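K.L.:
Structure below; questions to follow.
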Amino acid sequence: MNKKQRMFIRMVLASLVRRRSRMIVALLAIVVGATILSGLGMIYYDVPRQMSSQFRSYGANIIFTPSGDESISDRELKSGISFISQEELEGYTPYRYENSQIHNIPVTLAGIDFGSVLKTSPYWHINGSMPSGDGETLVGAKMAESLGLSVGDSVSVINSFQMTADTDRTNIPDYEITKDPETGEEYCDHSLDLKVSGILETGGSEEEYIYVTMKDISYLTLTERGYDIVEVSVASMQDTLKSYTEKISSGVSEISAKLVKRVTASESTVLTKLESLVFIVTLVVLALTMICVATTMMAVIAERRKEIGLRKALGALNSSIIMEFMCEGLVLGAVGGILGSVLGYYFADLVSMNVFSSSITFRPLLIPITIIASVLVTGLACLIPIKSAVDVDPALVLKGE
Amino acid sequence: MSLLELKDVSKVYGDLHALDHANLTVDKGEWIAIMGPSGSGKSTMMNIISCMDRPSSGKVIFDGKDITKESRRKLTEFHRDKIGLVFQQFHLINYLSAVENVMVAQYYHSMPDEKEALEALERVGLKDRARHLPSQLSGGEQQRVCIARALINSPELILADEPTGNLDEANENIVLDIFRQLHKEGTSLVVVTHDPEVGEVAQRIVRLDHGKIVSDKKNDNFSE
């Protein structure tokens, strides 16, 4: 580095450091601009993820059903689930349905995992409490009304069937078996005693079922089998969900995976509109920020007209003055961009915590984008007033006219 | 031998003749005072001599070369190489120290050299104030920095516009002593002033009125 280059750096640094108060005003304008740009950028890119997660309160968006007559086994279920990104998977709930009777009234039992069902059906409203395990039941509101059940009641569910030679009698007490004296055929009224822990209110068809654990339903039916349906909740966009269903359906032949279109289509519509809204807001704020930075830089340069006149009187060429002032502007732009990209993350995180109640995803790519945008905007904002300032007549400026 | 010649130079702004058919010759090593009341055309003449303005008509010849029709860029280069300027308002860059202000003139001229800049400041008695910012210097000290800046590139002509206009008597004497020293060393000086005391120390006094040179006399009281 020769003496001229060293002097150039010395002048630029002196201007930035010793004109601190002026530079802080300019830097503040740039930092605010860069912070908003970076913050809105992060929000824009994070909205789909955040909203997908929020939409999961509407329930599952993928349904697995058996592709043939057989139910879905545990192994098949795990294999199907493995196609879905663990980061996007909110939860899944398998269902097994069986017909039964209570007080001689036909009812449908649904075997579920009480621990995971709220992940796929977060909208379920339970009066009482969620059953904690075997021997307890959650009764749909309509079913509870027709059976006259309320929280804390005990109820006996009966599974009536004709005994055959193949029937496993291990879990059947003798008093449940009756024999037709004329035909000699045996009938069983296998019962399961349950305590009503809660009444389920959803306003939908879920209220027509009686929910028990998988173990209880197997005990009652005396059979172990897979699932009739699996509800899966995935926090992702419609295109990704569609790709998951295609991969699962082709990868696990026993499963037919389908989108719950009522949910995914409306989610997609809302997301597209929301993304457009955030994009427009980002553009408007960016334009306003550019104007703010430009006017600040114009004011900062305008007050240095006399200095520009002096430099010209000392023999500086216009190109030399433009380079010095631009360099100052670009350094400010870069520093403002770096600070803005860091503060932008905290700004976006603050917005995310308040709106979505979850942290924003940090996107490193936005750091160079913010810095480059900040340098370009500041450079452009400086160039216009500098170009006009270097055309001043040094004689007039030095006379104070 | 003449360093500078103004030949029938006029400068017209609309109907106003700021400079009206002025003829002036400045010899090498000469010390001239240009005097006159406000609006007499002193500043216009100084701007034309310093190549910061062009005449409406007439010729400006510097060191034998007609520079009247030169491009703006050429004039800037010419002015940078040949002329050192001293201003009434000092015009120092407020965020640069005294020595850095001197080095700025070197920077635009050729190559900055801190040692030479310190020597220039020593010449005007300000070496110990070299690291001070203009705001930390008195008016007289600022004017001396301004003179050091004008001297640093060894110009052929020092052009001073009301160099003592903002100074008290003590500082005025210091500045005039520096001019005397420069004159002794052979530097040509053109000092624009309306202060008779400053004019009276010059070798030659040119008086302007309404844009015309009304007198151009040797100063009989001039002493080295």
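By convention here, the chains of the structure tokens are called A, B, ... in the order presented, each chain's residues are numbered starting at 1, and ligands are numbered starting at 1 in the order presented.
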Using DSSP on the backbone, list every residue of chain B that comes out as strand (DSSP E), and give them as JSON, numbers by chain.

P.N.:
{"B": [2, 3, 4, 5, 6, 7, 8, 9, 10, 11, 12, 13, 16, 17, 18, 19, 20, 21, 22, 23, 24, 25, 26, 27, 31, 32, 33, 34, 35, 57, 58, 59, 60, 61, 62, 65, 66, 83, 84, 85, 86, 157, 158, 159, 160, 161, 188, 189, 190, 191, 192, 193, 204, 205, 206, 207, 208, 209, 212, 213, 214, 215, 216, 217, 218]}

K.L.:
Leaving out Lys242 in chain A and any residue of its chain fewer than 4 positions from it, which residues lie within 9 Å of it when counting only C-alpha atoms, given as a ChimeraX atom specification?

P.N.:
/A:237-238,246-247,258-259

K.L.:
Residues at most 7 Å from Glu254 in chain A, counting only C-alpha atoms, excluding those fewer than 4 positions away in the same chain, as a short mmCIF file (atom, residue, chain, number, x, y, z; two decimals) with C-alpha atoms, in the first residue's frame?

P.N.:
data_model
loop_
_atom_site.label_atom_id
_atom_site.label_comp_id
_atom_site.auth_asym_id
_atom_site.auth_seq_id
_atom_site.Cartn_x
_atom_site.Cartn_y
_atom_site.Cartn_z
CA PRO A 66 -55.50 -49.94 4.09
CA SER A 67 -55.15 -50.37 0.35
CA GLY A 68 -56.62 -53.89 0.57
CA ILE A 72 -52.52 -51.49 8.64
#

K.L.:
Have a look at B:Asp20, B:Glu162, B:Glu122, B:Asp8 and name the one nearest to His210 in chain B; count only C-alpha atoms.

P.N.:
B:Asp20

K.L.:
Restrict the distance test to only C-alpha atoms, flag each residue of chain B within 9 Å of chain A, and return the flagged residues as number ranges by chain.

P.N.:
B: 43, 47, 50, 52-53, 73, 76-81, 84-85, 87, 89, 91-96, 100, 103-105, 107-113, 150

K.L.:
Closest to Val124 in chain B among B:Ala98, B:Thr164, B:Glu30, B:Ile174, using only C-alpha atoms?

P.N.:
B:Ile174

K.L.:
Determine, counting only C-alpha atoms, which protein, DNA and RNA residues have an atom within 6 Å of an atom of range 33-42 of chain B; residues of the same chain fewer than 2 positions away are not included. Present the result as a ChimeraX atom specification.

P.N.:
/B:18-19,44-45,190-194,199,202,205-211

K.L.:
Where does DSSP see helix (DSSP H, G or I) in range 127-186 of chain B, if you list the residues as JSON, numbers by chain?

P.N.:
{"B": [127, 128, 129, 134, 135, 136, 139, 140, 141, 142, 143, 144, 145, 146, 147, 148, 149, 150, 151, 169, 170, 171, 172, 173, 174, 175, 176, 177, 178, 179, 180, 181, 182, 183, 184]}

K.L.:
Taking 3 positions as the minimum chain separation for residues in the same chain, which residues sit within 10 Å of Ser359 in chain A when counting only C-alpha atoms? Answer as an mmCIF file with N, CA and C atoms, in the first residue's frame.

P.N.:
data_model
loop_
_atom_site.group_PDB
_atom_site.id
_atom_site.type_symbol
_atom_site.label_atom_id
_atom_site.label_comp_id
_atom_site.auth_asym_id
_atom_site.auth_seq_id
_atom_site.Cartn_x
_atom_site.Cartn_y
_atom_site.Cartn_z
ATOM 1 N N ASP A 46 -40.370 -17.467 6.700
ATOM 2 C CA ASP A 46 -40.764 -18.352 7.791
ATOM 3 C C ASP A 46 -42.289 -18.477 7.917
ATOM 4 N N GLN A 50 -44.416 -21.345 9.876
ATOM 5 C CA GLN A 50 -45.152 -20.961 11.081
ATOM 6 C C GLN A 50 -46.644 -21.222 10.903
ATOM 7 N N TYR A 346 -33.385 -10.630 15.543
ATOM 8 C CA TYR A 346 -34.074 -10.439 16.826
ATOM 9 C C TYR A 346 -35.444 -9.782 16.618
ATOM 10 N N ALA A 348 -37.323 -10.125 13.904
ATOM 11 C CA ALA A 348 -38.199 -11.161 13.347
ATOM 12 C C ALA A 348 -38.609 -12.140 14.435
ATOM 13 N N ASP A 349 -37.665 -12.466 15.328
ATOM 14 C CA ASP A 349 -37.949 -13.412 16.407
ATOM 15 C C ASP A 349 -39.001 -12.830 17.354
ATOM 16 N N LEU A 350 -38.863 -11.534 17.622
ATOM 17 C CA LEU A 350 -39.813 -10.852 18.507
ATOM 18 C C LEU A 350 -41.220 -10.894 17.894
ATOM 19 N N VAL A 351 -41.282 -10.587 16.592
ATOM 20 C CA VAL A 351 -42.572 -10.615 15.892
ATOM 21 C C VAL A 351 -43.140 -12.026 15.920
ATOM 22 N N SER A 352 -42.278 -13.006 15.633
ATOM 23 C CA SER A 352 -42.715 -14.394 15.588
ATOM 24 C C SER A 352 -43.237 -14.868 16.952
ATOM 25 N N MET A 353 -42.510 -14.478 18.012
ATOM 26 C CA MET A 353 -42.924 -14.895 19.355
ATOM 27 C C MET A 353 -44.274 -14.291 19.707
ATOM 28 N N ASN A 354 -44.496 -13.057 19.286
ATOM 29 C CA ASN A 354 -45.753 -12.388 19.614
ATOM 30 C C ASN A 354 -46.923 -12.874 18.758
ATOM 31 N N PHE A 356 -46.833 -15.821 16.465
ATOM 32 C CA PHE A 356 -46.974 -17.272 16.319
ATOM 33 C C PHE A 356 -46.600 -18.043 17.586
ATOM 34 N N PHE A 362 -33.511 -19.081 11.827
ATOM 35 C CA PHE A 362 -32.431 -18.202 11.351
ATOM 36 C C PHE A 362 -32.012 -18.639 9.956
#

K.L.:
Give me, as a VMD selection string, all polymer residues having an atom no more than 10 Å from Tyr211 in chain A, counting only C-alpha atoms and skipping those fewer than 4 positions away in the same chain.

P.N.:
chain A and resid 95 to 97 108 to 114 131 136 to 140 196 198 to 200 206 to 207 216 to 217

K.L.:
May I have the residues from that selection written out with C-alpha atoms, as a compact mmCIF listing (two decimals), in the first residue's frame?

P.N.:
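And here's again-v9.txt as it stands now:
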# COMPACT_ATOMS: atom_id res chain seq x y z
CA TYR A 95 -57.74 -45.85 14.91
CA ARG A 96 -59.26 -49.31 15.20
CA TYR A 97 -63.04 -49.54 15.02
CA THR A 108 -69.01 -48.26 17.78
CA LEU A 109 -65.80 -48.48 19.77
CA ALA A 110 -62.69 -46.67 18.57
CA GLY A 111 -59.34 -47.89 19.83
CA ILE A 112 -56.83 -45.03 20.05
CA ASP A 113 -53.71 -43.91 21.88
CA PHE A 114 -54.96 -41.33 24.36
CA PRO A 131 -58.40 -41.31 30.06
CA GLU A 136 -61.10 -45.85 31.20
CA THR A 137 -63.08 -44.40 28.33
CA LEU A 138 -63.79 -41.17 26.54
CA VAL A 139 -67.39 -41.05 25.33
CA GLY A 140 -68.57 -38.91 22.42
CA VAL A 196 -66.11 -42.71 31.95
CA GLY A 198 -64.43 -37.62 29.91
CA ILE A 199 -67.10 -36.61 27.44
CA LEU A 200 -65.84 -35.53 24.01
CA GLU A 206 -66.33 -37.85 16.57
CA GLU A 207 -69.13 -37.50 19.15
CA ASP A 216 -58.98 -52.82 25.87
CA ILE A 217 -60.43 -53.17 22.38
